[in-house]
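Visitor: Pasting final-v4.tsv here (TSV, C-alpha atoms):
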```tsv
chain	number	residue	atom	x	y	z
A	1	MET	CA	0.00	0.00	0.00
A	2	THR	CA	1.14	3.54	-0.67
A	3	GLU	CA	-0.11	6.14	1.77
A	4	ARG	CA	0.71	9.81	2.18
A	5	ALA	CA	2.84	10.27	5.29
A	6	PRO	CA	1.12	12.47	7.87
A	7	ALA	CA	2.73	15.77	8.89
A	8	GLY	CA	3.03	14.76	12.53
A	9	GLY	CA	2.27	12.08	15.07
A	10	ARG	CA	3.25	8.43	15.27
A	11	GLY	CA	3.05	7.67	11.54
A	12	ALA	CA	5.24	10.62	10.63
A	13	GLN	CA	7.81	9.66	13.24
A	14	LEU	CA	8.12	6.16	11.81
A	15	ALA	CA	8.43	7.57	8.30
A	16	ARG	CA	11.24	9.89	9.39
A	17	THR	CA	13.34	7.09	10.90
A	18	GLY	CA	13.77	5.46	7.49
A	19	LEU	CA	13.37	2.08	9.21
A	20	ARG	CA	11.26	-0.77	7.88
A	21	SER	CA	8.43	-1.98	10.12
A	22	GLY	CA	7.63	-5.65	10.56
A	23	TRP	CA	4.89	-7.95	11.82
A	24	THR	CA	4.20	-9.24	15.31
A	25	THR	CA	3.93	-12.87	16.31
A	26	GLY	CA	0.21	-12.20	16.73
A	27	ALA	CA	-0.11	-11.09	13.11
A	28	CYS	CA	1.87	-14.14	11.94
A	29	ALA	CA	-0.31	-16.47	14.01
A	30	THR	CA	-3.43	-14.84	12.57
A	31	ALA	CA	-2.17	-15.24	9.01
A	32	ALA	CA	-1.21	-18.87	9.60
A	33	SER	CA	-4.56	-19.66	11.27
A	34	THR	CA	-6.51	-17.97	8.48
A	35	ALA	CA	-4.72	-19.97	5.79
A	36	ALA	CA	-5.00	-23.24	7.73
A	37	TYR	CA	-8.74	-22.89	8.29
A	38	THR	CA	-9.26	-21.91	4.67
A	39	ALA	CA	-7.50	-25.11	3.62
A	40	LEU	CA	-9.59	-27.11	6.07
A	41	LEU	CA	-12.79	-25.84	4.45
A	42	THR	CA	-11.72	-25.67	0.79
A	43	GLY	CA	-8.86	-28.12	0.40
A	44	GLY	CA	-6.55	-25.35	-0.89
A	45	PHE	CA	-4.07	-23.03	0.80
A	46	PRO	CA	-4.23	-19.31	-0.03
A	47	ASP	CA	-0.64	-18.27	-0.72
A	48	PRO	CA	-0.01	-15.50	0.06
A	49	VAL	CA	-2.68	-15.06	2.69
A	50	ARG	CA	-3.90	-11.54	3.40
A	51	ILE	CA	-5.21	-10.37	6.77
A	52	THR	CA	-6.57	-7.09	8.16
A	53	LEU	CA	-4.79	-5.57	11.15
A	54	PRO	CA	-6.51	-3.51	13.89
A	55	LYS	CA	-5.54	-0.20	12.23
A	56	GLY	CA	-6.69	-1.29	8.78
A	57	GLN	CA	-3.43	-2.41	7.14
A	58	THR	CA	-3.82	-5.48	4.94
A	59	PRO	CA	-0.44	-7.23	4.72
A	60	ALA	CA	0.06	-10.45	2.77
A	61	PHE	CA	2.10	-13.34	4.19
A	62	ALA	CA	3.84	-16.08	2.23
A	63	LEU	CA	3.33	-19.62	3.51
A	64	ALA	CA	6.46	-21.50	4.55
A	65	VAL	CA	4.68	-24.68	5.66
A	66	GLU	CA	1.48	-26.29	4.31
A	67	ASP	CA	0.08	-29.57	5.60
A	68	LEU	CA	-3.50	-30.82	5.19
A	69	ALA	CA	-4.57	-34.11	6.74
A	70	PRO	CA	-5.99	-36.57	4.16
A	71	ASP	CA	-9.36	-36.56	5.96
A	72	ARG	CA	-9.25	-32.75	6.27
A	73	SER	CA	-9.62	-32.97	10.04
A	74	THR	CA	-6.59	-30.72	10.63
A	75	ALA	CA	-4.50	-28.28	8.66
A	76	THR	CA	-1.17	-26.69	9.56
A	77	VAL	CA	0.41	-23.54	8.15
A	78	GLY	CA	3.73	-21.95	9.04
A	79	VAL	CA	4.67	-18.29	8.51
A	80	VAL	CA	8.15	-16.84	9.00
A	81	LYS	CA	8.15	-13.73	11.18
A	82	ASP	CA	9.68	-10.65	9.59
A	83	ALA	CA	10.41	-8.04	12.27
A	84	GLY	CA	11.60	-5.46	9.73
A	85	ASP	CA	14.54	-3.42	10.97
A	86	ASP	CA	13.77	-4.05	14.63
A	87	PRO	CA	16.38	-6.11	16.54
A	88	ASP	CA	13.68	-8.54	17.65
A	89	VAL	CA	14.78	-11.92	19.02
A	90	THR	CA	11.85	-13.56	17.21
A	91	HIS	CA	12.88	-12.24	13.78
A	92	GLY	CA	13.00	-15.20	11.40
A	93	ALA	CA	11.08	-17.52	13.73
A	94	LEU	CA	8.63	-19.96	12.14
A	95	VAL	CA	5.17	-19.44	13.65
A	96	ARG	CA	2.84	-22.40	13.03
A	97	SER	CA	-0.90	-22.77	13.45
A	98	THR	CA	-2.70	-26.09	13.44
A	99	VAL	CA	-6.47	-25.82	13.14
A	100	ARG	CA	-8.60	-28.82	14.09
A	101	ARG	CA	-12.36	-29.29	13.81
A	102	LEU	CA	-14.32	-29.49	17.08
A	103	PRO	CA	-17.89	-30.59	17.86
A	104	PRO	CA	-20.66	-28.00	17.31
A	105	GLY	CA	-20.93	-25.48	20.11
A	106	SER	CA	-17.27	-25.65	21.08
A	107	GLY	CA	-16.29	-22.24	19.73
A	108	VAL	CA	-12.64	-21.30	19.20
A	109	ARG	CA	-10.19	-22.85	21.65
A	110	PHE	CA	-6.53	-21.88	21.87
A	111	VAL	CA	-3.74	-24.31	22.74
A	112	ALA	CA	-0.03	-23.67	23.34
A	113	GLY	CA	1.99	-25.91	21.06
A	114	PRO	CA	5.75	-26.45	21.22
A	115	GLY	CA	7.60	-23.18	21.69
A	116	VAL	CA	4.63	-21.21	23.03
A	117	GLY	CA	4.53	-20.57	26.76
A	118	THR	CA	1.89	-21.16	29.40
A	119	VAL	CA	0.98	-18.62	32.10
A	120	THR	CA	1.89	-19.91	35.57
A	121	ARG	CA	1.65	-16.76	37.72
A	122	PRO	CA	-0.96	-14.01	38.24
A	123	GLY	CA	-0.53	-10.41	37.12
A	124	LEU	CA	-0.67	-10.93	33.36
A	125	PRO	CA	-3.64	-10.20	31.06
A	126	LEU	CA	-4.34	-13.96	30.92
A	127	GLU	CA	-5.46	-16.40	33.59
A	128	VAL	CA	-3.02	-18.87	35.12
A	129	GLY	CA	-2.93	-22.04	33.02
A	130	GLU	CA	-3.80	-20.26	29.77
A	131	PRO	CA	-1.62	-20.37	26.65
A	132	ALA	CA	0.50	-17.22	26.39
A	133	ILE	CA	-1.50	-15.93	23.43
A	134	ASN	CA	-2.42	-12.36	24.29
A	135	PRO	CA	-5.94	-10.93	24.05
A	136	VAL	CA	-5.54	-8.90	20.84
A	137	PRO	CA	-4.01	-11.77	18.82
A	138	ARG	CA	-6.83	-14.02	20.11
A	139	ARG	CA	-9.40	-11.49	18.95
A	140	MET	CA	-7.73	-11.14	15.56
A	141	MET	CA	-7.72	-14.90	15.05
A	142	ARG	CA	-11.35	-15.25	16.12
A	143	GLU	CA	-12.42	-12.50	13.73
A	144	HIS	CA	-10.49	-13.93	10.78
A	145	LEU	CA	-11.62	-17.50	11.42
A	146	THR	CA	-15.21	-16.31	11.62
A	147	GLU	CA	-14.83	-14.50	8.30
A	148	VAL	CA	-13.35	-17.63	6.69
A	149	ALA	CA	-16.33	-19.63	7.95
A	150	VAL	CA	-18.72	-17.05	6.44
A	151	VAL	CA	-16.98	-17.04	3.06
A	152	HIS	CA	-16.22	-20.75	2.69
A	153	GLY	CA	-18.36	-22.65	5.17
A	154	GLY	CA	-21.75	-21.00	5.30
A	155	GLY	CA	-21.06	-19.61	8.76
A	156	SER	CA	-22.49	-16.52	10.42
A	157	ARG	CA	-20.62	-13.41	11.54
A	158	ASP	CA	-22.37	-13.51	14.92
A	159	ARG	CA	-21.13	-17.02	15.72
A	160	GLU	CA	-17.51	-18.11	15.81
A	161	PRO	CA	-16.54	-21.46	14.27
A	162	ASP	CA	-15.92	-24.63	16.27
A	163	VAL	CA	-12.17	-25.18	16.01
A	164	GLU	CA	-9.10	-25.76	18.12
A	165	VAL	CA	-6.16	-23.51	17.23
A	166	THR	CA	-2.72	-24.69	18.34
A	167	ILE	CA	0.01	-22.09	17.94
A	168	SER	CA	3.64	-23.23	17.92
A	169	VAL	CA	6.98	-21.50	17.35
A	170	ASP	CA	9.97	-23.51	16.17
A	171	HIS	CA	12.76	-23.23	18.78
A	172	GLY	CA	10.47	-20.95	20.79
A	173	GLU	CA	11.50	-22.33	24.16
A	174	GLU	CA	15.14	-21.60	23.38
A	175	ILE	CA	14.35	-18.10	22.06
A	176	ALA	CA	12.26	-17.35	25.16
A	177	ARG	CA	15.35	-17.64	27.35
A	178	SER	CA	16.41	-14.28	25.86
A	179	THR	CA	13.13	-12.66	26.99
A	180	TRP	CA	11.52	-11.81	30.32
A	181	ASN	CA	9.06	-14.70	30.00
A	182	PRO	CA	10.76	-17.05	32.49
A	183	ARG	CA	10.88	-14.30	35.14
A	184	LEU	CA	7.20	-13.52	34.56
A	185	GLY	CA	6.19	-17.14	34.99
A	186	ILE	CA	5.49	-17.78	31.31
A	187	LEU	CA	7.04	-21.21	30.93
A	188	GLY	CA	7.68	-23.40	27.91
A	189	GLY	CA	8.22	-20.78	25.26
A	190	LEU	CA	7.33	-17.41	23.80
A	191	SER	CA	4.27	-15.22	24.09
A	192	ILE	CA	2.14	-14.47	21.03
A	193	LEU	CA	1.99	-10.69	21.18
A	194	GLY	CA	0.91	-7.51	19.43
A	195	THR	CA	-1.76	-4.84	19.86
A	196	THR	CA	-1.50	-3.45	16.32
A	197	GLY	CA	0.06	-6.36	14.43
A	198	VAL	CA	2.97	-4.11	13.46
A	199	VAL	CA	6.50	-4.22	14.89
A	200	VAL	CA	7.71	-0.65	15.17
A	201	PRO	CA	11.50	-0.66	14.64
A	202	TYR	CA	13.65	1.08	17.20
A	203	SER	CA	17.05	2.43	16.30
A	204	CYS	CA	17.81	4.60	19.32
A	205	SER	CA	19.39	7.44	17.36
A	206	ALA	CA	16.76	7.38	14.61
A	207	TRP	CA	13.85	7.22	17.02
A	208	ILE	CA	15.18	9.99	19.25
A	209	ASP	CA	15.68	12.15	16.17
A	210	SER	CA	12.08	11.43	15.15
A	211	ILE	CA	10.87	12.52	18.60
A	212	ARG	CA	12.67	15.84	18.15
A	213	ARG	CA	11.15	16.35	14.73
A	214	GLY	CA	7.74	15.50	16.17
A	215	VAL	CA	8.12	18.25	18.78
A	216	ASP	CA	9.26	20.69	16.08
A	217	VAL	CA	6.24	19.91	13.89
A	218	ALA	CA	3.81	20.28	16.80
A	219	LEU	CA	5.26	23.63	17.89
A	220	ALA	CA	5.34	24.93	14.32
A	221	ALA	CA	1.64	24.07	14.06
A	222	GLY	CA	0.97	26.15	17.17
A	223	ARG	CA	0.11	23.24	19.45
A	224	VAL	CA	0.09	24.21	23.12
A	225	HIS	CA	-0.68	20.75	24.52
A	226	LEU	CA	1.55	17.83	23.51
A	227	ALA	CA	1.17	14.21	24.57
A	228	ALA	CA	4.08	11.77	24.83
A	229	CYS	CA	2.80	8.21	24.52
A	230	THR	CA	4.53	4.88	25.07
A	231	GLY	CA	2.54	3.16	22.33
A	232	SER	CA	-0.63	2.97	20.29
A	233	THR	CA	-2.93	2.10	23.21
A	234	SER	CA	-1.80	5.13	25.23
A	235	GLU	CA	-2.11	7.26	22.10
A	236	ARG	CA	-5.76	6.25	21.74
A	237	THR	CA	-6.32	7.05	25.41
A	238	VAL	CA	-5.00	10.62	25.24
A	239	VAL	CA	-6.95	11.31	22.06
A	240	ALA	CA	-10.11	10.17	23.82
A	241	GLU	CA	-9.27	12.11	27.00
A	242	TYR	CA	-8.11	15.39	25.46
A	243	ASN	CA	-9.25	15.34	21.81
A	244	LEU	CA	-5.72	16.16	20.65
A	245	PRO	CA	-4.89	16.38	16.94
A	246	GLU	CA	-2.48	13.89	15.39
A	247	ASP	CA	0.41	16.34	15.14
A	248	ALA	CA	0.29	16.94	18.92
A	249	LEU	CA	1.09	13.28	19.60
A	250	LEU	CA	4.65	12.15	20.23
A	251	ASP	CA	5.52	8.47	20.01
A	252	MET	CA	7.82	8.43	23.01
A	253	GLY	CA	8.19	4.67	23.12
A	254	ASP	CA	10.79	3.92	25.79
A	255	PHE	CA	12.62	7.23	25.40
A	256	ALA	CA	11.13	9.39	28.16
A	257	GLY	CA	14.42	11.18	28.65
A	258	ALA	CA	14.64	12.14	24.97
A	259	VAL	CA	11.19	13.77	25.10
A	260	LEU	CA	11.81	15.65	28.34
A	261	LYS	CA	15.27	16.93	27.43
A	262	TYR	CA	14.12	18.21	24.05
A	263	VAL	CA	10.94	19.79	25.44
A	264	ARG	CA	13.14	21.44	28.09
A	265	ARG	CA	14.97	23.25	25.26
A	266	HIS	CA	11.84	23.70	23.10
A	267	PRO	CA	9.02	24.12	25.61
A	268	ALA	CA	5.31	23.68	25.02
A	269	PRO	CA	2.89	25.07	27.62
A	270	ARG	CA	1.62	21.60	28.53
A	271	LEU	CA	2.90	18.04	28.24
A	272	THR	CA	0.85	14.95	29.07
A	273	ILE	CA	2.77	11.71	29.50
A	274	CYS	CA	0.64	8.61	29.02
A	275	GLY	CA	1.65	4.97	29.19
A	276	GLY	CA	1.30	1.61	30.83
A	277	PHE	CA	1.39	1.54	34.62
A	278	ALA	CA	4.45	-0.69	34.85
A	279	LYS	CA	6.42	1.33	32.31
A	280	LEU	CA	5.62	4.65	33.98
A	281	SER	CA	6.52	3.20	37.37
A	282	LYS	CA	10.08	3.10	35.99
A	283	LEU	CA	9.90	6.81	35.22
A	284	ALA	CA	8.51	7.35	38.72
A	285	VAL	CA	11.67	5.89	40.22
A	286	GLY	CA	13.90	7.98	37.96
A	287	HIS	CA	14.60	5.84	34.89
A	288	LEU	CA	14.57	7.80	31.63
A	289	ASP	CA	15.00	4.76	29.37
A	290	LEU	CA	11.95	2.56	29.92
A	291	HIS	CA	13.00	-0.42	27.78
A	292	SER	CA	12.72	-3.75	29.59
A	293	ALA	CA	16.34	-4.60	28.76
A	294	ARG	CA	17.60	-1.43	30.43
A	295	SER	CA	15.28	-0.84	33.37
A	296	ALA	CA	13.00	-2.98	35.50
A	297	VAL	CA	9.92	-2.44	37.64
A	298	ASP	CA	11.09	-1.74	41.19
A	299	LYS	CA	8.58	-3.59	43.34
A	300	GLY	CA	10.26	-2.42	46.52
A	301	PHE	CA	9.53	1.14	45.41
A	302	LEU	CA	5.92	0.21	44.63
A	303	ALA	CA	5.61	-1.38	48.06
A	304	GLU	CA	6.82	1.83	49.72
A	305	LEU	CA	4.35	3.86	47.67
A	306	ALA	CA	1.58	1.46	48.72
A	307	ARG	CA	2.56	1.99	52.35
A	308	ARG	CA	2.33	5.76	51.85
A	309	GLY	CA	-1.11	5.20	50.33
A	310	GLY	CA	-2.36	3.45	53.44
A	311	ALA	CA	-1.58	-0.20	52.74
A	312	GLY	CA	-1.15	-2.51	55.69
A	313	GLU	CA	1.99	-4.55	56.15
A	314	ASP	CA	0.48	-7.68	54.57
A	315	LEU	CA	-0.37	-5.77	51.40
A	316	VAL	CA	3.01	-4.03	51.40
A	317	ALA	CA	4.69	-7.43	51.51
A	318	ALA	CA	2.41	-8.74	48.76
A	319	VAL	CA	3.29	-5.80	46.53
A	320	ALA	CA	7.00	-6.29	47.17
A	321	GLY	CA	6.65	-9.93	46.12
A	322	ALA	CA	4.24	-9.36	43.22
A	323	ASN	CA	4.92	-11.12	39.94
A	324	THR	CA	4.48	-8.00	37.79
A	325	GLY	CA	3.65	-4.34	38.13
A	326	LEU	CA	0.11	-5.14	37.00
A	327	ASP	CA	-0.15	-7.75	39.75
A	328	ALA	CA	0.90	-5.12	42.32
A	329	LEU	CA	-1.61	-2.63	40.92
A	330	GLN	CA	-4.47	-5.14	41.00
A	331	ARG	CA	-3.76	-6.06	44.62
A	332	CYS	CA	-3.78	-2.41	45.65
A	333	ARG	CA	-6.92	-1.58	43.70
A	334	ALA	CA	-8.73	-4.47	45.39
A	335	ALA	CA	-7.73	-2.99	48.77
A	336	GLY	CA	-8.66	0.58	47.82
A	337	VAL	CA	-5.05	1.79	47.77
A	338	PRO	CA	-4.53	4.31	44.89
A	339	LEU	CA	-1.20	2.95	43.68
A	340	GLY	CA	-1.86	4.11	40.12
A	341	ASP	CA	-2.35	7.73	41.22
A	342	LEU	CA	0.71	7.57	43.45
A	343	VAL	CA	2.88	6.33	40.57
A	344	ALA	CA	1.48	9.02	38.27
A	345	VAL	CA	2.37	11.77	40.76
A	346	GLU	CA	5.90	10.42	41.24
A	347	ALA	CA	6.39	10.12	37.49
A	348	ARG	CA	5.17	13.69	36.98
A	349	ASP	CA	7.59	14.98	39.60
A	350	GLN	CA	10.49	13.11	38.01
A	351	ALA	CA	9.54	14.64	34.66
A	352	LEU	CA	9.46	18.12	36.18
A	353	ALA	CA	12.89	17.53	37.69
A	354	VAL	CA	14.29	16.73	34.23
A	355	LEU	CA	12.58	19.83	32.79
A	356	ARG	CA	14.51	21.98	35.35
A	357	GLY	CA	12.03	24.79	35.57
A	358	ALA	CA	11.23	25.05	31.86
A	359	PRO	CA	7.80	26.69	31.32
A	360	VAL	CA	6.01	23.37	30.83
A	361	ALA	CA	3.09	22.09	32.89
A	362	VAL	CA	3.05	18.29	33.17
A	363	ASP	CA	0.50	15.65	33.99
A	364	VAL	CA	0.79	11.86	33.83
A	365	VAL	CA	-1.85	9.28	32.94
A	366	CYS	CA	-1.27	5.58	33.70
A	367	ILE	CA	-3.28	2.95	31.83
A	368	ASP	CA	-3.64	-0.81	31.83
A	369	ARG	CA	-3.23	-3.01	28.76
A	370	ALA	CA	-6.79	-2.34	27.64
A	371	GLY	CA	-6.28	1.43	27.73
A	372	THR	CA	-8.32	1.96	30.91
A	373	VAL	CA	-7.01	4.82	33.05
A	374	VAL	CA	-5.72	3.35	36.33
A	375	GLY	CA	-3.92	6.40	37.68
A	376	ARG	CA	-3.43	10.08	36.97
A	377	SER	CA	-1.72	13.10	38.44
A	378	ALA	CA	-2.88	16.69	38.60
A	379	VAL	CA	-1.29	19.16	36.19
A	380	HIS	CA	1.71	20.81	37.79
A	381	GLY	CA	4.46	23.12	36.64
A	382	PRO	CA	5.32	26.78	36.06
A	383	GLU	CA	2.43	27.32	33.62
A	384	ALA	CA	-0.17	25.11	35.32
A	385	ALA	CA	-3.53	26.60	36.05
A	386	SER	CA	-4.06	24.14	38.90
A	387	ASP	CA	-2.28	21.42	40.80
```
As structure tokens, what does this structure read like?

Guide:
Amino acid sequence: MTERAPAGGRGAQLARTGLRSGWTTGACATAASTAAYTALLTGGFPDPVRITLPKGQTPAFALAVEDLAPDRSTATVGVVKDAGDDPDVTHGALVRSTVRRLPPGSGVRFVAGPGVGTVTRPGLPLEVGEPAINPVPRRMMREHLTEVAVVHGGGSRDREPDVEVTISVDHGEEIARSTWNPRLGILGGLSILGTTGVVVPYSCSAWIDSIRRGVDVALAAGRVHLAACTGSTSERTVVAEYNLPEDALLDMGDFAGAVLKYVRRHPAPRLTICGGFAKLSKLAVGHLDLHSARSAVDKGFLAELARRGGAGEDLVAAVAGANTGLDALQRCRAAGVPLGDLVAVEARDQALAVLRGAPVAVDVVCIDRAGTVVGRSAVHGPEAASD
């Protein structure tokens, strides 16, 4: 597809880096599942297979593996993941989907095959015991399988087909040792991930330069309220909260320091920082690079914040020993302790410290994986109307 690059915002930043984007494991699993189910119903494999991603892109994927059982009870398709120019450990991995017919009324069931992990601890967006196939990839697969059933099997769009989908990744267990999965209690392999289906490539120098250009474009357009977002979900949240135009949005990614240092030299009256709770808890403790390889959630810090928020010693200990930041947040929310707000305030104050008195008012919004606001700070800074 050829699209005009926008003047500002996330799309323009990616265009300015000159880096090639790629596809997530979730997109690859969706493509493989779509092709496998098509073969199950028609006897033929669509090659390439085209899918529709959450933001409307329609990439085509070549099939690396095709296998249809003689009785057409199962079909397997493999797709090689292309991560573009991102240094992704799963680049080149073979993602397989085996689709098997189930009795009527079964719906779509997901199974972790070889190389895909299983959730063994709380605090993740999946229940303990579930295959590590995240919610958005599951939704994408369900939608595409339903569409295949409508087109080739006489199905209905208001009823998902009755199939078992087993996702596997060749050498996935070995690759997963280079990820955080074992520490998070995802055992046996990789997670099937992706909220947009697109892997956004990160060259530090190129991405930081794109952040600077994004600020320049926003200021040249006369924007007085900018929003630095860690990803597409947080971007949607700030648009919904503040009705900001595209060229006021900065794709901060993990580079909080790059945004703050440039805005310090090129101030805007107001800056909103929005991102996942766990990621912004790193900013709250003083980290300016939020990448998981270079900073980690400090659960001791979260426990101390929980204590300040009124948590008893049992809850403080539970937060300190939580599996993930989300696990800590959920425990506090259940007890009525506003850990999300406390993290947002600390993150705002760290941002203001980096800004060193520049005429920029700052507020912070913390979200969960679904984009629900779980914490926020008041606006504070030299130009703030209120605190």

Visitor: Select, counting all atoms listed in the file, all protein, DNA and RNA residues no farther than 10 Å from (0.6, -1.3, 33.0) in file coordinates, and express the selection as a PDB file with C-alpha atoms, in the coordinates of the input.

Guide:
```
ATOM      1  CA  LEU A 124      -0.670 -10.930  33.360  1.00  0.00           C
ATOM      2  CA  GLY A 275       1.650   4.970  29.190  1.00  0.00           C
ATOM      3  CA  GLY A 276       1.300   1.610  30.830  1.00  0.00           C
ATOM      4  CA  PHE A 277       1.390   1.540  34.620  1.00  0.00           C
ATOM      5  CA  ALA A 278       4.450  -0.690  34.850  1.00  0.00           C
ATOM      6  CA  LYS A 279       6.420   1.330  32.310  1.00  0.00           C
ATOM      7  CA  LEU A 280       5.620   4.650  33.980  1.00  0.00           C
ATOM      8  CA  SER A 281       6.520   3.200  37.370  1.00  0.00           C
ATOM      9  CA  THR A 324       4.480  -8.000  37.790  1.00  0.00           C
ATOM     10  CA  GLY A 325       3.650  -4.340  38.130  1.00  0.00           C
ATOM     11  CA  LEU A 326       0.110  -5.140  37.000  1.00  0.00           C
ATOM     12  CA  ASP A 327      -0.150  -7.750  39.750  1.00  0.00           C
ATOM     13  CA  LEU A 329      -1.610  -2.630  40.920  1.00  0.00           C
ATOM     14  CA  GLY A 340      -1.860   4.110  40.120  1.00  0.00           C
ATOM     15  CA  CYS A 366      -1.270   5.580  33.700  1.00  0.00           C
ATOM     16  CA  ILE A 367      -3.280   2.950  31.830  1.00  0.00           C
ATOM     17  CA  ASP A 368      -3.640  -0.810  31.830  1.00  0.00           C
ATOM     18  CA  ARG A 369      -3.230  -3.010  28.760  1.00  0.00           C
ATOM     19  CA  ALA A 370      -6.790  -2.340  27.640  1.00  0.00           C
ATOM     20  CA  GLY A 371      -6.280   1.430  27.730  1.00  0.00           C
ATOM     21  CA  THR A 372      -8.320   1.960  30.910  1.00  0.00           C
ATOM     22  CA  VAL A 373      -7.010   4.820  33.050  1.00  0.00           C
ATOM     23  CA  VAL A 374      -5.720   3.350  36.330  1.00  0.00           C
TER      24      VAL A 374
END
```

Visitor: Compile the contact shell of Thr38 in chain A as a list in words: residues with an atom at most 8 Å away, counting all atoms listed in the file, same-chain residues fewer than 6 positions apart removed.

Guide: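 With the cut-off at 8 Å, the set is Gly44, Phe45, Pro46, Val148 and His152 of chain A.
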
Visitor: Using only C-alpha atoms, which residues sit within 7 Å of Ala93 in chain A once same-chain residues fewer than 3 positions away are excluded, as a VMD selection string?

Guide: chain A and resid 80 to 81 90 169 to 170

Visitor: List the spatial neighbours of Glu235 in chain A as a list of chain:residue names - criterion: any atom at most 10 Å away, only C-alpha atoms, same-chain residues fewer than 6 positions off excluded.

Guide: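 My list of contacting residues is A:Gly9, A:Arg10, A:Ala227, A:Ala228, A:Cys229, A:Glu241, A:Leu244, A:Glu246, A:Leu249, A:Leu250, A:Asp251, A:Ile273, A:Cys274, A:Gly275, A:Gly371.
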
Visitor: Rank nothing, just name the residue among A:Val198, A:Ala248, A:Ile192, A:Val95 nearest to Ala221 in chain A, using only C-alpha atoms.

Guide: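 The closest residue to Ala221 in chain A is A:Ala248.
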
Visitor: What are the nearest atom pairs, with distances in Å to one decimal, for all residues of range 184-260 of chain A that come at most 10 Å from range 105-118 of chain A, using all atoms listed in the file, set out by chain and rising residue number as CSV?

Guide:
```
residue,atom,partner,partner_atom,distance
A:Gly185,CA,A:Thr118,CA,8.1
A:Ile186,CA,A:Thr118,CA,5.3
A:Leu187,CA,A:Gly117,CA,4.9
A:Gly188,CA,A:Gly117,CA,4.4
A:Gly189,CA,A:Gly117,CA,4.0
A:Leu190,CA,A:Val116,CA,4.7
A:Ser191,CA,A:Gly117,CA,6.0
A:Ile192,CA,A:Val116,CA,7.5
```

Visitor: Write a file of the selected residues as a PDB file, in the coordinates of the input, keeping C-alpha atoms.

Guide:
```pdb
ATOM      1  CA  GLY A 185       6.190 -17.140  34.990  1.00  0.00           C
ATOM      2  CA  ILE A 186       5.490 -17.780  31.310  1.00  0.00           C
ATOM      3  CA  LEU A 187       7.040 -21.210  30.930  1.00  0.00           C
ATOM      4  CA  GLY A 188       7.680 -23.400  27.910  1.00  0.00           C
ATOM      5  CA  GLY A 189       8.220 -20.780  25.260  1.00  0.00           C
ATOM      6  CA  LEU A 190       7.330 -17.410  23.800  1.00  0.00           C
ATOM      7  CA  SER A 191       4.270 -15.220  24.090  1.00  0.00           C
ATOM      8  CA  ILE A 192       2.140 -14.470  21.030  1.00  0.00           C
TER       9      ILE A 192
END
```

Visitor: Hey, can you pull every residue with an atom no more than 12 Å from (10.5, 10.3, 30.2), using only C-alpha atoms, and send it as an MDAnalysis selection string?

Guide: chainID A and resid 208 211 227:230 250:264 271:275 279:291 346:355 362:364
